[in-house]
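Data from model-v9.txt: compact mmCIF, C-alpha atoms and all ligand atoms
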# COMPACT_ATOMS: atom_id res chain seq x y z
CA MET A 1 56.70 63.34 149.67
CA GLU A 2 56.99 60.73 146.96
CA SER A 3 54.11 62.24 145.00
CA ARG A 4 55.47 65.79 145.46
CA ARG A 5 58.78 64.67 144.00
CA ALA A 6 56.93 63.03 141.11
CA SER A 7 54.98 66.20 140.34
CA ALA A 8 58.14 68.33 140.52
CA GLN A 9 59.63 65.97 137.96
CA LEU A 10 56.56 66.30 135.75
CA MET A 11 56.99 70.06 135.72
CA ALA A 12 60.28 69.66 133.92
CA THR A 13 58.49 68.88 130.64
CA ASP A 14 60.97 68.29 127.85
CA VAL A 15 60.35 70.29 124.69
CA HIS A 16 62.28 68.86 121.79
CA THR A 17 62.23 68.73 118.04
CA PRO A 18 61.69 65.28 116.55
CA PRO A 19 64.25 64.67 113.80
CA GLY A 20 63.14 65.77 110.37
CA THR A 21 59.87 67.38 111.43
CA GLY A 22 61.08 70.85 112.33
CA VAL A 23 58.12 70.95 114.69
CA ASN A 24 58.40 71.19 118.42
CA SER A 25 57.01 68.29 120.33
CA VAL A 26 56.24 67.68 123.99
CA ARG A 27 57.66 64.68 125.84
CA PRO A 28 56.82 64.75 129.53
CA PRO A 29 59.26 62.77 131.68
CA GLY A 30 56.59 61.00 133.77
CA PRO A 31 54.37 58.06 132.83
CA ILE A 32 53.51 57.65 129.13
CA TYR A 33 50.73 60.18 128.63
CA LEU A 34 47.64 58.46 127.19
CA ASP A 35 44.96 60.68 128.71
CA HIS A 36 44.38 63.16 125.90
CA HIS A 37 40.60 63.19 126.41
CA ALA A 38 41.15 64.68 129.86
CA THR A 39 43.50 67.33 128.56
CA THR A 40 46.20 67.86 125.97
CA PRO A 41 49.62 69.42 126.54
CA CYS A 42 49.92 72.95 125.24
CA ASP A 43 51.63 72.72 121.84
CA PRO A 44 54.89 74.71 122.07
CA ARG A 45 53.84 76.63 118.94
CA VAL A 46 50.63 77.58 120.75
CA ALA A 47 52.45 78.54 123.95
CA ARG A 48 54.72 80.85 121.93
CA ALA A 49 51.73 82.59 120.38
CA MET A 50 50.53 83.51 123.85
CA LEU A 51 53.70 85.19 125.13
CA PRO A 52 53.50 88.60 123.41
CA TYR A 53 50.09 89.14 125.01
CA LEU A 54 51.46 88.45 128.48
CA GLU A 55 54.47 90.71 128.02
CA GLU A 56 54.48 93.78 125.77
CA GLN A 57 50.96 93.54 124.27
CA PHE A 58 49.03 93.40 127.54
CA GLY A 59 46.22 95.76 126.59
CA ASN A 60 42.52 95.33 127.26
CA PRO A 61 40.59 94.83 124.00
CA GLY A 62 37.92 97.09 125.46
CA SER A 63 40.35 100.05 125.62
CA ARG A 64 39.40 102.01 122.52
CA LEU A 65 41.66 105.01 122.94
CA HIS A 66 45.20 103.69 122.58
CA ALA A 67 47.42 101.29 120.69
CA TYR A 68 47.57 98.70 123.49
CA GLY A 69 43.81 98.27 123.28
CA TRP A 70 43.82 98.29 119.47
CA GLU A 71 46.44 95.53 119.30
CA ALA A 72 44.53 93.44 121.87
CA GLU A 73 41.34 93.91 119.86
CA ARG A 74 43.14 92.89 116.68
CA ALA A 75 44.40 89.73 118.39
CA VAL A 76 40.89 88.90 119.61
CA ASP A 77 39.44 89.43 116.12
CA GLU A 78 42.10 87.18 114.63
CA ALA A 79 41.42 84.44 117.18
CA ARG A 80 37.68 84.69 116.60
CA ALA A 81 38.15 84.38 112.84
CA ARG A 82 40.38 81.32 113.31
CA VAL A 83 37.88 79.56 115.59
CA ALA A 84 35.06 80.42 113.18
CA ALA A 85 37.05 79.08 110.20
CA LEU A 86 37.33 75.68 111.88
CA LEU A 87 33.54 75.60 112.32
CA GLY A 88 32.51 76.92 108.92
CA ALA A 89 30.99 79.81 110.86
CA GLU A 90 31.01 83.59 110.80
CA PRO A 91 33.30 85.29 113.36
CA ASP A 92 30.37 87.05 115.03
CA GLU A 93 28.80 83.65 115.73
CA VAL A 94 31.61 82.78 118.17
CA VAL A 95 31.14 83.66 121.85
CA PHE A 96 34.27 83.17 123.94
CA THR A 97 33.87 81.44 127.30
CA SER A 98 36.11 79.83 129.91
CA GLY A 99 35.69 76.36 128.39
CA ALA A 100 33.18 73.73 127.40
CA THR A 101 31.61 73.55 130.88
CA GLU A 102 30.62 77.19 130.66
CA SER A 103 29.57 76.86 127.01
CA ASN A 104 27.30 73.92 127.86
CA ASN A 105 25.77 75.81 130.78
CA LEU A 106 25.25 78.88 128.62
CA ALA A 107 23.61 76.85 125.87
CA LEU A 108 21.14 75.00 128.07
CA LEU A 109 20.37 77.59 130.71
CA GLY A 110 20.58 80.53 128.29
CA ILE A 111 18.12 79.08 125.76
CA LEU A 112 15.62 77.97 128.37
CA GLN A 113 15.92 81.25 130.29
CA ALA A 114 15.12 83.23 127.15
CA CYS A 115 12.23 80.98 126.11
CA ARG A 116 8.86 82.32 127.21
CA GLN A 117 6.71 79.30 126.22
CA PRO A 118 4.52 78.02 129.04
CA ARG A 119 5.59 74.38 128.42
CA ARG A 120 9.23 73.73 127.65
CA HIS A 121 10.85 70.39 126.88
CA VAL A 122 14.53 69.51 126.57
CA VAL A 123 15.99 66.28 125.17
CA THR A 124 19.43 65.07 126.11
CA THR A 125 21.17 61.71 126.62
CA ALA A 126 22.41 59.62 129.53
CA ILE A 127 26.00 59.74 128.24
CA GLU A 128 26.46 63.51 128.18
CA HIS A 129 29.18 65.23 130.17
CA LYS A 130 28.05 66.34 133.63
CA SER A 131 28.21 69.95 132.44
CA VAL A 132 25.16 69.15 130.29
CA LEU A 133 23.41 66.72 132.62
CA GLU A 134 23.61 68.95 135.70
CA PRO A 135 22.11 72.03 134.00
CA ALA A 136 19.42 69.74 132.53
CA ARG A 137 18.58 68.47 136.04
CA TRP A 138 18.53 72.04 137.32
CA LEU A 139 16.10 73.00 134.57
CA GLU A 140 13.91 70.04 135.51
CA ARG A 141 13.78 71.31 139.10
CA GLN A 142 12.58 74.65 137.69
CA GLY A 143 9.61 72.96 136.03
CA CYS A 144 11.02 72.23 132.57
CA GLU A 145 10.26 68.79 131.10
CA VAL A 146 13.47 66.88 130.46
CA THR A 147 13.94 63.59 128.57
CA VAL A 148 17.25 61.82 129.13
CA LEU A 149 17.61 59.31 126.32
CA ARG A 150 18.96 55.83 126.94
CA VAL A 151 21.78 54.87 124.60
CA PRO A 152 22.36 51.43 123.03
CA SER A 153 25.42 49.38 123.99
CA ASP A 154 27.35 50.53 120.90
CA GLY A 155 27.31 53.97 122.54
CA ARG A 156 25.93 55.75 119.46
CA VAL A 157 23.05 58.21 119.53
CA LEU A 158 21.09 58.19 116.26
CA ALA A 159 18.53 60.54 114.74
CA GLU A 160 15.73 58.02 115.26
CA HIS A 161 16.39 57.97 119.03
CA VAL A 162 15.97 61.73 119.15
CA ARG A 163 12.97 61.76 116.81
CA ALA A 164 11.07 59.38 119.11
CA ALA A 165 11.58 61.72 122.07
CA LEU A 166 10.48 65.00 120.47
CA ARG A 167 7.30 66.69 121.70
CA PRO A 168 5.42 69.64 120.21
CA HIS A 169 6.98 71.93 122.83
CA THR A 170 10.57 70.62 122.59
CA VAL A 171 12.73 73.73 122.72
CA LEU A 172 16.21 72.26 122.74
CA VAL A 173 18.00 68.99 121.97
CA SER A 174 21.49 68.57 123.41
CA VAL A 175 23.51 65.60 122.14
CA MET A 176 27.30 65.52 122.30
CA HIS A 177 29.32 65.06 119.12
CA ALA A 178 31.69 62.41 120.51
CA ASN A 179 31.67 60.91 123.96
CA ASN A 180 34.63 61.77 126.17
CA GLU A 181 34.92 58.25 127.56
CA THR A 182 34.16 55.86 124.71
CA GLY A 183 35.17 58.25 121.92
CA VAL A 184 32.06 57.12 120.01
CA ILE A 185 30.85 59.68 117.47
CA ASN A 186 27.12 60.32 117.35
CA ASP A 187 25.05 60.92 114.22
CA VAL A 188 25.07 64.66 114.70
CA ALA A 189 24.14 65.48 111.08
CA GLY A 190 21.07 63.21 111.27
CA ILE A 191 20.05 64.63 114.64
CA GLY A 192 20.49 68.17 113.29
CA GLN A 193 18.14 67.41 110.42
CA VAL A 194 15.48 65.95 112.70
CA CYS A 195 15.67 68.98 114.99
CA ARG A 196 15.37 71.34 112.04
CA GLU A 197 12.31 69.52 110.67
CA HIS A 198 10.74 69.69 114.10
CA GLY A 199 11.65 73.30 114.81
CA ALA A 200 13.73 72.51 117.92
CA LEU A 201 17.14 74.06 118.51
CA PHE A 202 20.12 71.69 118.47
CA HIS A 203 23.12 72.01 120.77
CA THR A 204 26.14 69.74 120.54
CA ASP A 205 29.03 69.47 122.96
CA ALA A 206 31.97 69.16 120.58
CA ALA A 207 34.70 69.38 123.24
CA GLN A 208 36.19 66.11 122.00
CA THR A 209 35.79 66.64 118.25
CA PHE A 210 36.60 70.31 117.65
CA GLY A 211 39.99 70.46 115.95
CA LYS A 212 40.02 66.68 115.49
CA LEU A 213 37.24 66.17 112.93
CA PRO A 214 36.21 68.51 110.13
CA LEU A 215 33.22 70.48 111.43
CA ASP A 216 30.74 72.58 109.55
CA ALA A 217 28.11 73.83 111.96
CA ARG A 218 25.66 74.77 109.21
CA ALA A 219 25.99 71.53 107.27
CA LEU A 220 25.52 69.60 110.52
CA GLY A 221 22.34 71.56 111.31
CA VAL A 222 23.82 72.62 114.65
CA ASP A 223 22.54 75.82 116.31
CA LEU A 224 24.84 75.84 119.33
CA LEU A 225 28.22 74.13 119.67
CA SER A 226 30.55 73.98 122.68
CA LEU A 227 34.32 73.71 122.39
CA SER A 228 37.28 73.79 124.73
CA GLY A 229 40.85 75.01 124.22
CA HIS A 230 42.63 72.49 126.41
CA LYS A 231 41.39 69.56 124.34
CA VAL A 232 43.13 70.98 121.24
CA TYR A 233 46.63 71.74 122.56
CA ALA A 234 45.73 75.23 123.81
CA PRO A 235 45.71 76.20 127.51
CA LYS A 236 43.01 75.42 130.04
CA GLY A 237 40.41 78.05 130.89
CA ILE A 238 39.41 79.09 127.38
CA GLY A 239 36.64 77.88 125.09
CA ALA A 240 33.75 79.08 123.01
CA LEU A 241 30.11 78.61 122.18
CA TYR A 242 29.08 78.81 118.53
CA VAL A 243 25.69 80.52 118.31
CA GLY A 244 24.09 80.08 114.89
CA PRO A 245 21.43 82.32 113.38
CA ARG A 246 18.46 80.33 114.74
CA ALA A 247 19.77 80.62 118.32
CA ALA A 248 20.69 84.32 118.10
CA HIS A 249 18.60 87.49 118.29
CA GLY A 250 17.30 87.19 121.82
CA ARG A 251 16.85 83.42 121.87
CA LEU A 252 19.90 83.04 124.15
CA ALA A 253 20.07 84.84 127.51
CA PRO A 254 23.49 85.54 129.07
CA LEU A 255 24.55 83.93 132.34
CA LEU A 256 27.13 86.63 133.14
CA LEU A 257 26.11 90.28 133.11
CA GLY A 258 28.44 93.24 133.23
CA GLY A 259 30.50 95.03 130.63
CA GLY A 260 28.55 93.90 127.56
CA GLN A 261 31.43 91.94 126.01
CA GLU A 262 30.72 89.19 123.47
CA GLY A 263 27.65 90.93 122.10
CA GLY A 264 26.16 91.02 125.60
CA LEU A 265 26.16 87.21 125.80
CA ARG A 266 29.15 86.83 128.13
CA ALA A 267 30.46 89.72 130.20
CA GLY A 268 34.06 89.87 131.38
CA THR A 269 37.41 91.12 130.08
CA LEU A 270 38.66 88.75 127.41
CA PRO A 271 41.87 86.81 128.18
CA VAL A 272 43.75 87.94 125.09
CA HIS A 273 46.77 85.65 125.60
CA GLN A 274 44.53 82.59 125.84
CA LEU A 275 42.60 83.67 122.78
CA ALA A 276 45.80 84.13 120.79
CA ALA A 277 46.71 80.60 121.86
CA LEU A 278 43.31 79.17 120.94
CA GLY A 279 43.46 80.90 117.55
CA ARG A 280 46.92 79.46 116.86
CA ALA A 281 45.73 76.02 118.01
CA CYS A 282 42.87 76.24 115.52
CA GLU A 283 45.22 77.25 112.74
CA ILE A 284 47.46 74.24 113.46
CA ALA A 285 44.49 71.88 113.80
CA GLY A 286 43.08 73.06 110.48
CA ALA A 287 46.37 72.37 108.72
CA GLU A 288 47.25 69.08 110.44
CA MET A 289 43.96 67.45 111.41
CA HIS A 290 43.79 64.98 108.53
CA ALA A 291 47.38 63.74 108.79
CA GLU A 292 47.15 63.65 112.57
CA GLY A 293 43.91 61.65 112.49
CA ALA A 294 45.42 59.09 110.12
CA ARG A 295 48.56 58.78 112.25
CA LEU A 296 46.52 58.33 115.45
CA LEU A 297 44.38 55.68 113.81
CA ARG A 298 47.50 53.74 112.83
CA LEU A 299 48.84 53.99 116.37
CA ARG A 300 45.54 52.96 117.91
CA THR A 301 45.25 49.96 115.59
CA ARG A 302 48.78 48.95 116.51
CA LEU A 303 47.96 49.21 120.22
CA LEU A 304 44.68 47.30 119.96
CA THR A 305 46.19 44.56 117.78
CA SER A 306 49.03 44.07 120.22
CA LEU A 307 46.67 43.91 123.23
CA ARG A 308 44.19 41.58 121.51
CA GLU A 309 46.96 39.17 120.63
CA ARG A 310 48.10 38.95 124.23
CA ILE A 311 45.07 39.44 126.45
CA SER A 312 41.99 37.23 126.46
CA GLY A 313 38.68 38.59 127.72
CA LEU A 314 39.34 42.04 126.30
CA HIS A 315 36.29 44.14 125.34
CA VAL A 316 36.24 47.34 123.33
CA THR A 317 33.53 49.58 124.79
CA GLY A 318 31.14 50.83 122.11
CA SER A 319 31.44 51.04 118.34
CA LEU A 320 34.97 50.83 116.97
CA ASP A 321 33.85 52.07 113.53
CA HIS A 322 32.38 55.38 114.70
CA ARG A 323 35.10 56.48 117.08
CA LEU A 324 37.66 59.22 117.52
CA ALA A 325 40.96 58.07 116.03
CA GLY A 326 42.88 58.59 119.28
CA ASN A 327 40.45 56.74 121.55
CA LEU A 328 40.57 53.23 122.89
CA HIS A 329 38.23 52.28 125.71
CA LEU A 330 38.82 48.76 126.95
CA GLY A 331 37.29 46.50 129.59
CA PHE A 332 39.07 43.42 130.96
CA GLU A 333 37.14 40.36 132.12
CA ASP A 334 38.01 38.79 135.49
CA VAL A 335 40.38 41.56 136.43
CA ASP A 336 40.47 43.46 139.72
CA GLY A 337 40.10 47.10 138.67
CA GLU A 338 41.84 48.55 141.71
CA VAL A 339 44.87 46.30 141.31
CA LEU A 340 44.98 47.09 137.58
CA ILE A 341 45.08 50.82 138.31
CA GLU A 342 47.75 50.44 140.99
CA ARG A 343 49.97 48.34 138.74
CA LEU A 344 49.65 50.61 135.73
CA GLN A 345 49.40 54.18 136.96
CA HIS A 346 53.13 54.77 137.47
CA HIS A 347 53.91 53.66 133.92
CA VAL A 348 50.98 54.96 131.89
CA ALA A 349 48.76 58.02 132.46
CA PHE A 350 45.24 56.87 131.64
CA SER A 351 41.73 57.30 132.98
CA THR A 352 39.12 54.84 134.16
CA GLY A 353 35.97 56.97 134.18
CA SER A 354 35.81 60.56 132.97
CA ALA A 355 38.69 62.75 134.13
CA CYS A 356 36.69 64.56 136.78
CA MET A 357 35.80 61.24 138.39
CA SER A 358 39.19 59.61 138.11
CA THR A 359 39.66 59.27 141.88
CA SER A 360 36.23 57.81 142.34
CA LEU A 361 35.78 54.06 142.41
CA HIS A 362 32.21 54.26 141.19
CA PRO A 363 31.74 53.15 137.62
CA SER A 364 31.13 56.10 135.34
CA HIS A 365 27.58 57.08 134.45
CA VAL A 366 28.48 56.62 130.79
CA LEU A 367 29.51 52.98 131.11
CA LEU A 368 26.51 52.18 133.29
CA ALA A 369 24.22 53.85 130.73
CA LEU A 370 25.66 51.56 128.03
CA GLY A 371 24.82 48.52 130.13
CA VAL A 372 28.44 47.65 130.97
CA SER A 373 28.52 45.54 134.16
CA GLU A 374 29.95 47.17 137.30
CA ASP A 375 32.84 44.70 137.39
CA LEU A 376 33.80 45.33 133.78
CA ALA A 377 33.33 49.08 134.18
CA ASN A 378 35.67 49.08 137.18
CA ALA A 379 38.23 47.08 135.20
CA SER A 380 38.23 49.45 132.21
CA LEU A 381 40.82 51.79 130.82
CA ARG A 382 40.29 54.86 128.71
CA LEU A 383 43.39 55.39 126.60
CA GLY A 384 43.64 58.64 124.68
CA LEU A 385 46.44 59.01 122.14
CA GLY A 386 47.47 62.46 121.00
CA ARG A 387 49.65 64.68 118.85
CA PHE A 388 52.92 63.83 120.57
CA THR A 389 52.30 60.11 121.17
CA THR A 390 54.96 58.02 119.43
CA GLU A 391 55.05 54.44 118.19
CA GLU A 392 57.65 53.57 120.84
CA GLN A 393 55.35 54.91 123.55
CA VAL A 394 52.44 52.87 122.22
CA ASP A 395 54.57 49.70 122.20
CA ALA A 396 55.86 50.38 125.71
CA ALA A 397 52.33 51.13 126.95
CA ALA A 398 51.07 47.84 125.46
CA GLU A 399 53.79 46.01 127.37
CA HIS A 400 52.86 47.72 130.65
CA ILE A 401 49.15 47.06 130.12
CA VAL A 402 49.70 43.37 129.39
CA ARG A 403 51.80 42.99 132.54
CA ALA A 404 49.34 44.96 134.68
CA VAL A 405 46.36 42.92 133.44
CA GLU A 406 48.20 39.65 134.09
CA GLY A 407 49.02 40.79 137.62
CA ALA A 408 45.45 41.90 138.29
CA HIS A 409 43.64 38.71 137.22
CA LEU A 410 41.14 37.48 139.76
CA PRO A 411 41.66 33.88 140.90
CA SER A 412 39.32 31.67 138.86
CA PRO A 413 36.58 30.04 140.95
CA CYS A 414 37.15 26.28 141.39
C1 LIG A 501 32.65 66.18 126.29
C2 LIG A 501 33.13 67.20 127.28
N1 LIG A 501 32.34 68.22 127.58
C3 LIG A 501 32.73 69.17 128.44
C4 LIG A 501 33.95 69.12 129.05
C5 LIG A 501 34.37 70.23 129.99
O1 LIG A 501 35.31 71.02 129.34
P1 LIG A 501 36.13 72.16 130.09
O2 LIG A 501 37.19 71.45 130.85
O3 LIG A 501 36.66 73.01 128.99
O4 LIG A 501 35.19 72.88 130.97
C6 LIG A 501 34.81 68.06 128.78
C7 LIG A 501 36.12 67.94 129.46
O5 LIG A 501 36.38 66.98 130.15
C8 LIG A 501 34.39 67.07 127.85
O6 LIG A 501 35.17 66.05 127.53
Do you think you could lay out the structure here as structure tokens?
Amino acid sequence: MESRRASAQLMATDVHTPPGTGVNSVRPPGPIYLDHHATTPCDPRVARAMLPYLEEQFGNPGSRLHAYGWEAERAVDEARARVAALLGAEPDEVVFTSGATESNNLALLGILQACRQPRRHVVTTAIEHKSVLEPARWLERQGCEVTVLRVPSDGRVLAEHVRAALRPHTVLVSVMHANNETGVINDVAGIGQVCREHGALFHTDAAQTFGKLPLDARALGVDLLSLSGHKVYAPKGIGALYVGPRAAHGRLAPLLLGGGQEGGLRAGTLPVHQLAALGRACEIAGAEMHAEGARLLRLRTRLLTSLRERISGLHVTGSLDHRLAGNLHLGFEDVDGEVLIERLQHHVAFSTGSACMSTSLHPSHVLLALGVSEDLANASLRLGLGRFTTEEQVDAAAEHIVRAVEGAHLPSPC
């Protein structure tokens, strides 16, 4: 009952205009939202872009004989061009999907399905999202050789790690751009170069970096790149896979067959309203990314400084230097993780593991892979700051975290 009332309250999200900005903002009435790696609120400007395609412009872009179809097709083309512009790519290199999970599956399974070599080897890492690791395990069960790289405690995958794992028959390397738990950014440009020299294809899961960091797929040496709308203030259920020239022309097999949409690589009627939203989200990200990144870094520094001053035994998980501006992943020594969660969750929306495992008490595979102890992993918080996070919220969250950590301290052994 209690939780139903709380969720009804959350539905009454307050859309307001911060003074002087002229830009709509989102301020949900529930706990302070610091879980932007799990998902972002739909930017009101993005939500507005979607409406015409739900109401009067409801056509199917595949309908070639009338104006409804033409307008839908125009909207799809515009969205494709906007996504491509944020990747330094050509529009016809963008394949729309339902999100990064599907894009990751398409990249791994599609490349290996199309590859006719007798021996096939894939390299990935222990800190990837499950939507990469599970397809990799499936491929292994089908007889493909798979190397899952260990990652050092700073959480950063480097070119030399990948180079050491390559074999003559390595077909594909899949290393995420930034990790969704630690926010640590991998050396994707270096890895791209190594893959190119070796002749292997390179896929990166950029769900956490697309729209947050400048991306140029070609300059990074990336052949396949996954992205997701709901991480960039667009709705859930929309994403894309960038397919560069080396991965095109029959080197990628589709997972969904049917109407031949997306150049035959992903059948299904395109969700025009979601695409219009994704396109608008890209346009906004392109214009605001730099200022937003700088603002988030200031807020994160403020939060970390405040917590460090007041909490002893605080650990930052992974490299602080190579990290998404909005991410702070913290572990607390001698703290009962369950009590910490209970004391904090009604004040601050955060995550402990990755979002899909947030009800599980098992430490996340990412933290375990980095060598974080089970106790510290269970007493960790992933805080994700975002576009609508304010300084007041950061200060209030720091206060709640300090109090929750104090109340969750384990009795010291005598
Ligand atoms: C790094 C990473 N990859 C993939 C996904 C899955 O994305 P989607 O929810 O769009 O399927 C996520 C989302 O949690 C993610 O953070």
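Relative to atom CA of A:Arg382, atom CA of A:Asp334 is found at 17.6 Å.
Each of A:Glu56, A:Glu134, A:Glu181, A:Glu78 was checked against A:Leu367 using only C-alpha atoms; the smallest atom-to-atom distance is that of A:Glu181.
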### Query
Near A:Ala291, counting only C-alpha atoms, which residues have an atom at most 12 Å away, once you skip same-chain residues fewer than 6 positions from it, shown as a PyMOL selection string?
chain A and resi 212-213+284-285+297-298+325+387
### Task
Would you please work out which residue, of A:Leu65, A:Ile238, A:Ile311, A:Leu303, is nearest to A:Ala396 when using only C-alpha atoms?
A:Leu303
I need every residue sitting at most 12 Å from the point (49.9, 43.5, 129.5) (coordinates as in the file, all atoms listed in the file considered), written as a short mmCIF file (atom, residue, chain, number, x, y, z; two decimals) with C-alpha atoms, keeping the file's coordinate frame.
data_model
loop_
_atom_site.label_atom_id
_atom_site.label_comp_id
_atom_site.auth_asym_id
_atom_site.auth_seq_id
_atom_site.Cartn_x
_atom_site.Cartn_y
_atom_site.Cartn_z
CA LEU A 303 47.96 49.21 120.22
CA LEU A 304 44.68 47.30 119.96
CA SER A 306 49.03 44.07 120.22
CA LEU A 307 46.67 43.91 123.23
CA ARG A 308 44.19 41.58 121.51
CA GLU A 309 46.96 39.17 120.63
CA ARG A 310 48.10 38.95 124.23
CA ILE A 311 45.07 39.44 126.45
CA SER A 312 41.99 37.23 126.46
CA LEU A 314 39.34 42.04 126.30
CA PHE A 332 39.07 43.42 130.96
CA VAL A 335 40.38 41.56 136.43
CA LEU A 340 44.98 47.09 137.58
CA ARG A 343 49.97 48.34 138.74
CA LEU A 344 49.65 50.61 135.73
CA HIS A 347 53.91 53.66 133.92
CA VAL A 348 50.98 54.96 131.89
CA ASP A 395 54.57 49.70 122.20
CA ALA A 396 55.86 50.38 125.71
CA ALA A 397 52.33 51.13 126.95
CA ALA A 398 51.07 47.84 125.46
CA GLU A 399 53.79 46.01 127.37
CA HIS A 400 52.86 47.72 130.65
CA ILE A 401 49.15 47.06 130.12
CA VAL A 402 49.70 43.37 129.39
CA ARG A 403 51.80 42.99 132.54
CA ALA A 404 49.34 44.96 134.68
CA VAL A 405 46.36 42.92 133.44
CA GLU A 406 48.20 39.65 134.09
CA GLY A 407 49.02 40.79 137.62
CA ALA A 408 45.45 41.90 138.29
CA HIS A 409 43.64 38.71 137.22
#
#### Entry: Å distance separating atom CA of A:Phe96 from atom CA of A:Glu128, one decimal place
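Interatomic distance here is 21.6 Å.
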